[in-house]
Amino acid sequence: MESVRKRVAVVGGGIAGLAAAVRIRDRAPRDTEIIVYEQSGVLGGKLRTGDLAGATVERGAESFLVSAPDGTDSAAVRLARRLGLGDALVHPSAVPAAFATGGRLEPVPAGTLMGVPREWDGPDHDDGRPLLGPDEDVTVGALVRARYGDEVVDRLVDPLLGGVYAGRADRLSLTTTLPALAAAARTEHTLSAAVRTAQAASVRVPGRPVFATVAGGLNRLVAAAAAASSARISLGLPVRELARTPHGWRLLLGPVPAPHTDDVDAVVLAVPAKPAARLLASAHDVAGAEAVGALDYASVALVGMALPPDTPLPELSGFLVPPGEGTLVKAATFVTRKWAHLRRDGGPVIVRASLGRAGEEELLHRDDATLIALAHDELGRLTGGPLPPPAAAWVQRWGGGLPQYAPRHPERVAAARAGLAPGLALAGAAYDGVGIPACVASGEGAADDLCKYLEDS
């Protein structure tokens with residue numbers, strides 16, 4: 001009997017959705033039709049490359065981890081190689097980073113795990129039992145404050161978590177943000193022992209860089225994934241509802257005055273939590289919608305500035321700023337010092353600042369000119385003196401851009417996935433972690449689930 005051609009919809013054209021599309025193309029029968037629906041006018045999600053005074057500067061995610069915890073290539077590196085971009089991977093220069101503390105920049109302490117020290121001279125007593133129960137999850141701040149005190153959280157852990165999640169240690173899940181430390185805390189009796197165990201569990205290949213990016217910009221990764229998927233790309237067309245049919249799924253598309261539908265066999269939802277929850281609710285998955293929709297997000301703004309070539313800056317790749325310093329700037333990257341491939345003789349000094357933490361959304365509502373001036377002033381104060389005016393600058397806003405994983409986040413995600421109707425899968429940062437490797441792996445996992453479903457159906 002001749003097989004019927006399958007159709008798969010990927011809702012969301014960020015890197016998770018595109019990774020899912022590539023994996024489906026690789027695993028499903030060659031005649032499988034893949035449609036990527038992206039509501040905005042551009043693919044890539046938080047991967048967006050721009051120009052600043054002739055330099056290629058990322059306006060979203062800047063780089064990705066090279067290795068997985070077991071020492072193998074990360075999912076992002078594997079995808080780049082699959083897309084023919086292995087030779088385009090470049091790594092940051094060996095320049096240290098710093099913390100801002102008391103208005104000064106101090107080196108990031110060695111031997112920490114997301115700011116949590118491996119060695120500790122203060123109280124960290126052994127109670128005769130593991131720090132956490134078998135299924136227990138707490139905030140990062142709750143565990144570290146109880147063992148090491150407030151100063152470690154406020155000066156070391158918060159700025160590092162803020163740099164990655166724009167969140168606060170007292171609200172973020174230990175299991176989701178620091179899974180290796182959470183696992184160790186379920187067997188070790190002291191935090192210092194748990195940090196050592198977590199670090200030992202992460203395989204480090206000698207001489208291997210920690211981070212990488214794509215020369216020419218991460219937009220190349222996005223474009224290559226779209227091309228490799230051979231998917232039909234639909235931009236600017238929102239998916240408003242999702243309904244189960246006897247043979248698969250029906251998507252309600254487009255504006256309310258002029259809707260149309262598309263029938264497919266399977267769907268990957270690779271969109272943020274709130275739109276995913278609305279689509280699940282439209283498909284009568286009330287429990288899944290509630291579990292997914294509970295996730296909060298933080299907003300951030302990035303400010304890129306092109307400063308004169310002779311601008312004096314510290315010999316650093318950048319720095320992180322604890323919330324207690326009272327600045328809207330939470331991190332800064334000296335782009336042309338960190339990335340050698342972007343330096344040009346006589347070219348501008350490119351600096352990128354990240355503004356805003358969870359709960360500071362109203363402060364980011366100021367206009368672009370005000371945010372640029374504020375970032376310029378704060379960077380000057382943090383680096384030791386006024387900076388010359390920028391020759392060019394831009395602001396990139398990411399409203400609701402970074403998930404804030406509360407304790408027991410993995411349980412909520414597992415419950416939501418367990419209740420999904422056949423032929424439906426969830427992917428993206430809302431479920432499996434921020435960072436390009438996590439999003440790629442999430443998309444690939446969703447694709448694998450759907451390919452198995454299609455094979456069996």
# chains A, B, ... in the order shown; residues from 1 in each chain; ligands from 1
call {"tool": "residues_around", "arguments": {"residues": "stretch 210-223 of chain A", "least_positions_apart": "4", "cutoff": "6 Å", "atoms": "only C-alpha atoms", "output": "list in words"}}
result
Gly44, Arg48, Thr49, Ser63, Phe64, Leu65, Val66, Ala88, Leu89, Val90 and His91 of chain A
call {"tool": "write_last_selection", "arguments": {"atoms": "C-alpha atoms", "output": "PDB file, in the first residue's frame"}}
result
ATOM      1  CA  GLY A  44      15.984  33.333  14.442  1.00  0.00           C
ATOM      2  CA  ARG A  48      19.836  38.329  15.490  1.00  0.00           C
ATOM      3  CA  THR A  49      22.969  39.782  13.947  1.00  0.00           C
ATOM      4  CA  SER A  63      27.841  32.745  21.702  1.00  0.00           C
ATOM      5  CA  PHE A  64      27.273  29.173  22.861  1.00  0.00           C
ATOM      6  CA  LEU A  65      28.976  26.488  24.906  1.00  0.00           C
ATOM      7  CA  VAL A  66      31.333  24.259  22.938  1.00  0.00           C
ATOM      8  CA  ALA A  88      33.337  29.055  10.667  1.00  0.00           C
ATOM      9  CA  LEU A  89      33.387  28.523  14.448  1.00  0.00           C
ATOM     10  CA  VAL A  90      35.546  31.056  16.265  1.00  0.00           C
ATOM     11  CA  HIS A  91      36.393  31.401  19.941  1.00  0.00           C
TER      12      HIS A  91
END
call {"tool": "residues_around", "arguments": {"residues": "stretch 281-285 of chain A", "least_positions_apart": "6", "cutoff": "8 Å", "atoms": "only C-alpha atoms", "output": "list in words"}}
result
Glu241, Leu242, Ala243, Arg244, Gly419 and Leu420 of chain A
call {"tool": "select_by_dssp", "arguments": {"residues": "stretch 159-400 of chain A", "states": "helix (DSSP H, G or I)", "output": "number ranges by chain"}}
result
A: 159-165, 174-177, 179-185, 191-201, 219-229, 273-282, 286-293, 323-325, 335-338, 340-342, 361-365, 368-383
call {"tool": "decode", "arguments": {"residues": "stretch 387-418 of chain A", "atoms": "N, CA and C atoms", "output": "mmCIF file, in the first residue's frame"}}
result
data_model
loop_
_atom_site.group_PDB
_atom_site.id
_atom_site.type_symbol
_atom_site.label_atom_id
_atom_site.label_comp_id
_atom_site.auth_asym_id
_atom_site.auth_seq_id
_atom_site.Cartn_x
_atom_site.Cartn_y
_atom_site.Cartn_z
ATOM 1 N N LEU A 387 33.458 58.147 29.273
ATOM 2 C CA LEU A 387 33.786 57.610 27.955
ATOM 3 C C LEU A 387 33.522 58.652 26.878
ATOM 4 N N PRO A 388 34.292 58.633 25.802
ATOM 5 C CA PRO A 388 34.006 59.546 24.700
ATOM 6 C C PRO A 388 32.654 59.230 24.077
ATOM 7 N N PRO A 389 32.034 60.191 23.430
ATOM 8 C CA PRO A 389 30.721 59.929 22.828
ATOM 9 C C PRO A 389 30.813 58.843 21.756
ATOM 10 N N PRO A 390 29.792 58.021 21.643
ATOM 11 C CA PRO A 390 29.811 56.983 20.601
ATOM 12 C C PRO A 390 29.590 57.583 19.224
ATOM 13 N N ALA A 391 30.258 56.996 18.230
ATOM 14 C CA ALA A 391 30.037 57.422 16.854
ATOM 15 C C ALA A 391 28.728 56.878 16.322
ATOM 16 N N ALA A 392 28.303 55.755 16.851
ATOM 17 C CA ALA A 392 27.035 55.134 16.473
ATOM 18 C C ALA A 392 26.573 54.268 17.635
ATOM 19 N N ALA A 393 25.278 54.066 17.718
ATOM 20 C CA ALA A 393 24.726 53.250 18.801
ATOM 21 C C ALA A 393 23.343 52.753 18.399
ATOM 22 N N TRP A 394 22.922 51.649 19.018
ATOM 23 C CA TRP A 394 21.564 51.155 18.833
ATOM 24 C C TRP A 394 21.063 50.521 20.121
ATOM 25 N N VAL A 395 19.754 50.348 20.179
ATOM 26 C CA VAL A 395 19.109 49.643 21.287
ATOM 27 C C VAL A 395 18.314 48.483 20.712
ATOM 28 N N GLN A 396 18.497 47.317 21.286
ATOM 29 C CA GLN A 396 17.697 46.147 20.931
ATOM 30 C C GLN A 396 16.918 45.722 22.168
ATOM 31 N N ARG A 397 15.610 45.754 22.072
ATOM 32 C CA ARG A 397 14.762 45.399 23.208
ATOM 33 C C ARG A 397 14.265 43.966 23.045
ATOM 34 N N TRP A 398 14.335 43.228 24.148
ATOM 35 C CA TRP A 398 13.798 41.875 24.186
ATOM 36 C C TRP A 398 12.758 41.823 25.303
ATOM 37 N N GLY A 399 11.549 42.281 24.985
ATOM 38 C CA GLY A 399 10.473 42.261 25.970
ATOM 39 C C GLY A 399 10.059 40.832 26.276
ATOM 40 N N GLY A 400 10.056 40.468 27.553
ATOM 41 C CA GLY A 400 9.721 39.091 27.932
ATOM 42 C C GLY A 400 10.641 38.091 27.283
ATOM 43 N N GLY A 401 11.938 38.391 27.272
ATOM 44 C CA GLY A 401 12.864 37.578 26.504
ATOM 45 C C GLY A 401 13.477 36.396 27.228
ATOM 46 N N LEU A 402 13.515 36.430 28.562
ATOM 47 C CA LEU A 402 14.258 35.400 29.294
ATOM 48 C C LEU A 402 13.372 34.721 30.333
ATOM 49 N N PRO A 403 13.200 33.393 30.228
ATOM 50 C CA PRO A 403 12.359 32.671 31.186
ATOM 51 C C PRO A 403 12.922 32.742 32.598
ATOM 52 N N GLN A 404 12.011 32.798 33.559
ATOM 53 C CA GLN A 404 12.370 32.806 34.980
ATOM 54 C C GLN A 404 11.869 31.504 35.602
ATOM 55 N N TYR A 405 12.782 30.546 35.715
ATOM 56 C CA TYR A 405 12.390 29.209 36.155
ATOM 57 C C TYR A 405 12.239 29.147 37.665
ATOM 58 N N ALA A 406 11.000 29.018 38.122
ATOM 59 C CA ALA A 406 10.745 28.861 39.553
ATOM 60 C C ALA A 406 11.028 27.412 39.970
ATOM 61 N N PRO A 407 11.221 27.171 41.267
ATOM 62 C CA PRO A 407 11.415 25.788 41.726
ATOM 63 C C PRO A 407 10.297 24.861 41.250
ATOM 64 N N ARG A 408 10.687 23.629 40.941
ATOM 65 C CA ARG A 408 9.831 22.555 40.446
ATOM 66 C C ARG A 408 9.432 22.771 38.986
ATOM 67 N N HIS A 409 10.167 23.617 38.297
ATOM 68 C CA HIS A 409 9.914 23.823 36.868
ATOM 69 C C HIS A 409 9.978 22.516 36.073
ATOM 70 N N PRO A 410 10.999 21.668 36.276
ATOM 71 C CA PRO A 410 11.037 20.419 35.493
ATOM 72 C C PRO A 410 9.800 19.545 35.697
ATOM 73 N N GLU A 411 9.241 19.525 36.911
ATOM 74 C CA GLU A 411 8.049 18.724 37.153
ATOM 75 C C GLU A 411 6.854 19.256 36.368
ATOM 76 N N ARG A 412 6.728 20.587 36.317
ATOM 77 C CA ARG A 412 5.614 21.168 35.569
ATOM 78 C C ARG A 412 5.747 20.853 34.079
ATOM 79 N N VAL A 413 6.965 20.948 33.560
ATOM 80 C CA VAL A 413 7.182 20.655 32.144
ATOM 81 C C VAL A 413 6.899 19.183 31.854
ATOM 82 N N ALA A 414 7.378 18.304 32.726
ATOM 83 C CA ALA A 414 7.144 16.870 32.523
ATOM 84 C C ALA A 414 5.656 16.563 32.532
ATOM 85 N N ALA A 415 4.918 17.200 33.435
ATOM 86 C CA ALA A 415 3.477 16.974 33.495
ATOM 87 C C ALA A 415 2.789 17.480 32.233
ATOM 88 N N ALA A 416 3.215 18.651 31.759
ATOM 89 C CA ALA A 416 2.616 19.198 30.543
ATOM 90 C C ALA A 416 2.882 18.291 29.357
ATOM 91 N N ARG A 417 4.098 17.794 29.244
ATOM 92 C CA ARG A 417 4.435 16.916 28.112
ATOM 93 C C ARG A 417 3.710 15.576 28.213
ATOM 94 N N ALA A 418 3.575 15.074 29.418
ATOM 95 C CA ALA A 418 2.917 13.775 29.590
ATOM 96 C C ALA A 418 1.458 13.826 29.160
#
